[in-house]
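This report refers to the structure that appears directly beneath it.
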Amino acid sequence: MNKRGFTTTTLHCDRAKPIEHGATHKPVHNSAAFGFASAHDLVKVFQGEQAGFVYGRQGTPTSAALEEKVTRMEQGFLTVAFSSGMAAISATLFALLRAGDHIVSSSFLFGNTTSLFETFGRMGIEVSFVDATEAANVEAALRPETRLVFVETIANPRTQVTDLAGIGELCRSRGVVYVVDNTVTSPYLFRPRDVGASLVVNSLTKYIGGHGNALGGALTDTGLFDWTRYPNISELYRKGDPRTWGIVQIRKKGLRDAGATLSPEAAHHLAIGAETLALRMARTCSNAQALAEFLAAHPKVAKVYYPGLESHPQYARAKALFGGNSGILSFELVDGVDCFDVLGKLELVISSTNLGDNRTLAIPVAPTIYFELGPERRASLGIAESLIRISVGIEDVEDLLADFGRALED
Ligand code: PLP
């Protein structure tokens, strides 16, 4: 099926295995527990000798169908679904790291991921934050005890584009796990496997779900990392095909023990959303490009950050790597123009913290998602106090430009 196009594959993926009553997509299975004809069969599933489901916290037929869909979209090996994107990140790292380990992370990260990494620091897992737009900065931070490198594709909210290929080559040559958060690009615009990622994070809440009606997250193992070289795999999971060792440990020590399970209803909503990812994303990218150009030409706007603008420092890299520049853009206002005044005049655009919704959303960054960092950390990360982040949706572009035009009028 992988030879077929992205949308065809996603639409018809559930039917690769027979579905009850000839249903065209996987129904919602709400059962928390699964019964077996014999206790011997129960034991076989428990011990991984037979495929099946034992208890909903570790997965259901509905979450498994979504996992398969994400695996195909990422052209990966296997996926585990979680209750949110943050659950996917925290449970994965919790499952793979031990006290004394070291992580190298991009300093340009979603704020809650930064907050999580600071918590790891208090648990004996040290994190070095570096400017990941240059692989050399990551290389300089590597230590013998570095277990993984963590980056985002297009950083939220300032849109820096990571040196994804350079870091991929570095991690491959040093045998370090390379984790790429693909949330902002989504597998329609970019597949981190192509640059050597070992593990791919997607917040399904965002573009893959797309409708802002369900939370979810996914962790995909691309199959590229040699887990026999990873010291933290438990003896329990060093069995069978070594390509499964990492993901089995993530499912057991991450999903099962942390319990951040995706509900069957949410899995179903997200799977339906995924069917139209390509269509929505194409519209999102063209709307975002038009809005970025409009804002860049506006006298009340001091700076616009969007990788589709030639003025963006990584414009050429984004063009080479991605099938589009996605829908996240941020901008600063000129001195004397109040961001709350502008946001207050928007009629169509919603003041909201989410991103990747079909509707266009706006948020003042410093007093919300970057509030806990304080003014000094914000300044060091290039987050201006007037920065506004926009998550561009799929509205008719004329309506969107008119709304911003009105909000920026005197
Ligand atoms: N990764 C990125 C890049 C994000 O922007 C977000 C949320 O905004 C997350 C992860 C977390 O996703 P969730 O809200 O589903 O936990």
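Going through the structure tokens in order, the chains are called A, B, and so on, while each chain numbers its residues from 1 and the ligands are numbered from 1 in the order shown.
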- Item | 9 Å contact set for Arg191 (chain A), only C-alpha atoms, chain neighbours under 4 positions out, as a VMD selection string | chain A and resid 73 to 75 182 185 to 187 195 197 200 322
- Query: Which residues form the shell of 10 Å around ligand 1 when you count only C-alpha atoms and all ligand atoms, given as a PyMOL selection string?
  - Reply: chain A and resi 82-90+108-113+151-157+180-185+201-206+214-218+328+353-356+369
- Task: Within 6 Å of Val304 (chain A), counting only C-alpha atoms, which residues show up once you throw out same-chain ones fewer than 2 positions away? Write them as an NGL selection string, please.
- Result: :A and (296 or 330-331)
Include N, CA, C and O atoms and write out the residues we just selected as a PDB file, in the first residue's frame.
ATOM      1  N   ALA A 296       4.138  41.144   6.540  1.00  0.00           N
ATOM      2  CA  ALA A 296       5.506  41.646   6.325  1.00  0.00           C
ATOM      3  C   ALA A 296       5.476  43.008   5.627  1.00  0.00           C
ATOM      4  O   ALA A 296       6.383  43.829   5.813  1.00  0.00           O
ATOM      5  N   SER A 330       4.759  33.855  13.398  1.00  0.00           N
ATOM      6  CA  SER A 330       4.658  34.796  14.511  1.00  0.00           C
ATOM      7  C   SER A 330       5.154  36.156  14.044  1.00  0.00           C
ATOM      8  O   SER A 330       5.898  36.239  13.053  1.00  0.00           O
ATOM      9  N   PHE A 331       4.687  37.184  14.722  1.00  0.00           N
ATOM     10  CA  PHE A 331       5.110  38.527  14.314  1.00  0.00           C
ATOM     11  C   PHE A 331       5.191  39.466  15.502  1.00  0.00           C
ATOM     12  O   PHE A 331       4.555  39.258  16.530  1.00  0.00           O
TER      13      PHE A 331
END
I'd like the contact shell of Tyr55 (chain A) - 8 Å cut-off, only C-alpha atoms, skipping same-chain residues fewer than 5 positions apart - returned as a PDB file with C-alpha atoms, in the first residue's frame.
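The file below, out-v3.pdb, is the result:
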ATOM      1  CA  ALA A  32     -11.550  -1.872  29.034  1.00  0.00           C
ATOM      2  CA  ALA A  33     -10.842  -5.593  29.309  1.00  0.00           C
ATOM      3  CA  PHE A  34     -10.549  -8.434  26.801  1.00  0.00           C
ATOM      4  CA  THR A  60      -7.367  -1.165  22.115  1.00  0.00           C
TER       5      THR A  60
END
Using only C-alpha atoms, find each residue in region 209-279 of chain A having at least one atom no more than 12 Å away from region 36-51 of chain A; report its shortest atom-to-atom pair and that distance in Å (one decimal), rows by chain then rising number, as a Markdown table.
| residue | atom | partner | partner_atom | distance |
| --- | --- | --- | --- | --- |
| A:Leu236 | CA | A:Gln47 | CA | 10.2 |
| A:Tyr237 | CA | A:Gly48 | CA | 10.1 |
| A:Lys239 | CA | A:Gly48 | CA | 10.1 |
| A:Gly240 | CA | A:Gly48 | CA | 10.2 |
| A:Thr244 | CA | A:Gly48 | CA | 11.4 |
| A:Val248 | CA | A:Gly48 | CA | 9.6 |
| A:Arg251 | CA | A:Gly48 | CA | 12.0 |
| A:Lys252 | CA | A:Phe46 | CA | 11.1 |
Keeping only all heavy atoms, write the selected residues as an mmCIF file, in the first residue's frame.
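Writing the result to part.cif gives the following:
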data_model
loop_
_atom_site.group_PDB
_atom_site.id
_atom_site.type_symbol
_atom_site.label_atom_id
_atom_site.label_comp_id
_atom_site.auth_asym_id
_atom_site.auth_seq_id
_atom_site.Cartn_x
_atom_site.Cartn_y
_atom_site.Cartn_z
ATOM 1 N N LEU A 236 14.381 -7.807 29.945
ATOM 2 C CA LEU A 236 13.050 -8.335 29.647
ATOM 3 C C LEU A 236 12.662 -8.146 28.183
ATOM 4 O O LEU A 236 11.912 -8.932 27.609
ATOM 5 C CB LEU A 236 12.009 -7.585 30.480
ATOM 6 C CG LEU A 236 11.811 -7.962 31.931
ATOM 7 C CD1 LEU A 236 10.920 -6.936 32.597
ATOM 8 C CD2 LEU A 236 11.168 -9.354 31.993
ATOM 9 N N TYR A 237 13.147 -7.033 27.592
ATOM 10 C CA TYR A 237 12.716 -6.690 26.230
ATOM 11 C C TYR A 237 13.792 -6.963 25.189
ATOM 12 O O TYR A 237 13.604 -6.680 24.012
ATOM 13 C CB TYR A 237 12.245 -5.224 26.180
ATOM 14 C CG TYR A 237 11.265 -4.908 27.282
ATOM 15 C CD1 TYR A 237 11.460 -3.824 28.139
ATOM 16 C CD2 TYR A 237 10.172 -5.740 27.508
ATOM 17 C CE1 TYR A 237 10.578 -3.579 29.175
ATOM 18 C CE2 TYR A 237 9.296 -5.503 28.553
ATOM 19 C CZ TYR A 237 9.502 -4.423 29.383
ATOM 20 O OH TYR A 237 8.645 -4.186 30.410
ATOM 21 N N LYS A 239 14.537 -9.349 23.404
ATOM 22 C CA LYS A 239 14.076 -10.652 22.884
ATOM 23 C C LYS A 239 13.574 -10.443 21.458
ATOM 24 O O LYS A 239 12.986 -9.408 21.165
ATOM 25 C CB LYS A 239 12.883 -11.164 23.712
ATOM 26 C CG LYS A 239 13.242 -11.713 25.053
ATOM 27 C CD LYS A 239 12.073 -12.502 25.636
ATOM 28 C CE LYS A 239 10.914 -11.634 26.034
ATOM 29 N NZ LYS A 239 9.970 -12.195 26.975
ATOM 30 N N GLY A 240 13.753 -11.428 20.599
ATOM 31 C CA GLY A 240 13.188 -11.356 19.243
ATOM 32 C C GLY A 240 13.889 -10.302 18.399
ATOM 33 O O GLY A 240 15.024 -9.911 18.674
ATOM 34 N N THR A 244 12.293 -4.202 17.469
ATOM 35 C CA THR A 244 11.115 -3.996 18.325
ATOM 36 C C THR A 244 11.501 -3.600 19.763
ATOM 37 O O THR A 244 10.638 -3.204 20.538
ATOM 38 C CB THR A 244 10.253 -5.276 18.425
ATOM 39 O OG1 THR A 244 11.040 -6.305 19.064
ATOM 40 C CG2 THR A 244 9.793 -5.759 17.073
ATOM 41 N N VAL A 248 8.843 -1.686 22.252
ATOM 42 C CA VAL A 248 8.221 -2.530 23.285
ATOM 43 C C VAL A 248 8.486 -1.911 24.656
ATOM 44 O O VAL A 248 7.580 -1.805 25.487
ATOM 45 C CB VAL A 248 8.735 -3.991 23.207
ATOM 46 C CG1 VAL A 248 8.317 -4.773 24.443
ATOM 47 C CG2 VAL A 248 8.204 -4.674 21.959
ATOM 48 N N ARG A 251 6.195 1.006 25.042
ATOM 49 C CA ARG A 251 4.802 0.620 25.317
ATOM 50 C C ARG A 251 4.645 0.109 26.755
ATOM 51 O O ARG A 251 3.671 0.441 27.434
ATOM 52 C CB ARG A 251 4.315 -0.449 24.319
ATOM 53 C CG ARG A 251 2.819 -0.730 24.463
ATOM 54 C CD ARG A 251 2.292 -1.759 23.479
ATOM 55 N NE ARG A 251 2.257 -1.305 22.108
ATOM 56 C CZ ARG A 251 1.306 -0.521 21.598
ATOM 57 N NH1 ARG A 251 0.307 -0.108 22.345
ATOM 58 N NH2 ARG A 251 1.358 -0.162 20.336
ATOM 59 N N LYS A 252 5.626 -0.668 27.217
ATOM 60 C CA LYS A 252 5.495 -1.248 28.573
ATOM 61 C C LYS A 252 5.838 -0.224 29.651
ATOM 62 O O LYS A 252 5.034 0.058 30.533
ATOM 63 C CB LYS A 252 6.425 -2.457 28.719
ATOM 64 C CG LYS A 252 6.198 -3.547 27.717
ATOM 65 C CD LYS A 252 5.090 -4.462 28.121
ATOM 66 C CE LYS A 252 5.000 -5.633 27.150
ATOM 67 N NZ LYS A 252 3.921 -6.521 27.395
#
- Who sits within 10 Å of Ala384 (chain A), only C-alpha atoms, same chain under 3 positions skipped, as an NGL selection string: :A and (158 or 331-333 or 365-366 or 375 or 378-381 or 387-388)
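Residue nearest Ala320 (chain A), chosen from A:Ala292, A:Val334, A:Ala297, A:Ala165 and counting only C-alpha atoms: A:Ala165.
Taking CA of Gly212 (chain A) as the reference point, CA of Asn358 (chain A) is found at 7.5 Å.
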- Task: Would you please extract all helix (DSSP H, G or I) residues from region 95-300 of chain A, as assigned by DSSP on the backbone, and give them as a PyMOL selection string?
- Result: chain A and resi 95-96+111-122+135-141+164-174+186-189+192-195+227-229+235-237+242-258+264-274+277-296
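Going from CA of Met123 (chain A) to CA of Phe225 (chain A) covers 25.9 Å.
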- Query: Near Arg143 (chain A), within 10 Å and counting only C-alpha atoms, which residues show up once chain neighbours fewer than 5 positions away are dropped, as a list in words?
  - Reply: Asp101, His102, Ile103 and Val104 of chain A
Would you list the contacts of region 128-133 of chain A as an mmCIF file with C-alpha atoms, in the first residue's frame, taking every protein, DNA or RNA residue within 6 Å and counting only C-alpha atoms, but skipping same-chain residues closer than 6 positions in sequence?
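result.cif, written as the output of this step:
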data_model
loop_
_atom_site.group_PDB
_atom_site.id
_atom_site.type_symbol
_atom_site.label_atom_id
_atom_site.label_comp_id
_atom_site.auth_asym_id
_atom_site.auth_seq_id
_atom_site.Cartn_x
_atom_site.Cartn_y
_atom_site.Cartn_z
ATOM 1 C CA VAL A 104 21.060 17.380 24.010
ATOM 2 C CA SER A 105 17.980 19.396 23.124
ATOM 3 C CA SER A 106 17.174 22.264 20.835
ATOM 4 C CA SER A 107 16.628 25.403 22.892
ATOM 5 C CA THR A 162 16.422 22.835 12.754
ATOM 6 C CA ASP A 163 19.483 21.505 10.905
#
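Residue nearest Val127 (chain A) within the list A:Tyr230, A:Phe190, A:Tyr306, A:Phe150: A:Phe150 [criterion: smallest interatomic distance, only C-alpha atoms].
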Closest atom pairs, region 187-305 of chain A residues within 12 Å of region 392-404 of chain A, only C-alpha atoms, as JSON lines:
{"residue": "A:Lys206", "atom": "CA", "partner": "A:Gly393", "partner_atom": "CA", "distance": 11.2}
{"residue": "A:Tyr207", "atom": "CA", "partner": "A:Gly393", "partner_atom": "CA", "distance": 9.9}
{"residue": "A:Gly210", "atom": "CA", "partner": "A:Gly393", "partner_atom": "CA", "distance": 9.3}
{"residue": "A:His211", "atom": "CA", "partner": "A:Gly393", "partner_atom": "CA", "distance": 10.0}
{"residue": "A:Gly212", "atom": "CA", "partner": "A:Gly393", "partner_atom": "CA", "distance": 11.1}
{"residue": "A:Leu277", "atom": "CA", "partner": "A:Ile394", "partner_atom": "CA", "distance": 11.5}
{"residue": "A:Leu279", "atom": "CA", "partner": "A:Ile394", "partner_atom": "CA", "distance": 9.7}
{"residue": "A:Arg280", "atom": "CA", "partner": "A:Ile394", "partner_atom": "CA", "distance": 6.6}
{"residue": "A:Met281", "atom": "CA", "partner": "A:Ile394", "partner_atom": "CA", "distance": 8.3}
{"residue": "A:Ala282", "atom": "CA", "partner": "A:Ile394", "partner_atom": "CA", "distance": 9.0}
{"residue": "A:Arg283", "atom": "CA", "partner": "A:Ile394", "partner_atom": "CA", "distance": 5.7}
{"residue": "A:Thr284", "atom": "CA", "partner": "A:Ile394", "partner_atom": "CA", "distance": 5.3}
{"residue": "A:Cys285", "atom": "CA", "partner": "A:Val392", "partner_atom": "CA", "distance": 8.1}
{"residue": "A:Ser286", "atom": "CA", "partner": "A:Val397", "partner_atom": "CA", "distance": 8.5}
{"residue": "A:Asn287", "atom": "CA", "partner": "A:Val397", "partner_atom": "CA", "distance": 5.7}
{"residue": "A:Ala288", "atom": "CA", "partner": "A:Val392", "partner_atom": "CA", "distance": 5.7}
{"residue": "A:Gln289", "atom": "CA", "partner": "A:Val392", "partner_atom": "CA", "distance": 9.5}
{"residue": "A:Ala290", "atom": "CA", "partner": "A:Val397", "partner_atom": "CA", "distance": 7.6}
{"residue": "A:Leu291", "atom": "CA", "partner": "A:Leu401", "partner_atom": "CA", "distance": 6.4}
{"residue": "A:Ala292", "atom": "CA", "partner": "A:Leu401", "partner_atom": "CA", "distance": 9.9}
{"residue": "A:Glu293", "atom": "CA", "partner": "A:Leu401", "partner_atom": "CA", "distance": 10.2}
{"residue": "A:Phe294", "atom": "CA", "partner": "A:Leu401", "partner_atom": "CA", "distance": 7.4}
{"residue": "A:Leu295", "atom": "CA", "partner": "A:Phe404", "partner_atom": "CA", "distance": 8.3}
{"residue": "A:His298", "atom": "CA", "partner": "A:Phe404", "partner_atom": "CA", "distance": 10.2}
{"residue": "A:Lys300", "atom": "CA", "partner": "A:Phe404", "partner_atom": "CA", "distance": 11.3}
{"residue": "A:Val301", "atom": "CA", "partner": "A:Phe404", "partner_atom": "CA", "distance": 11.3}
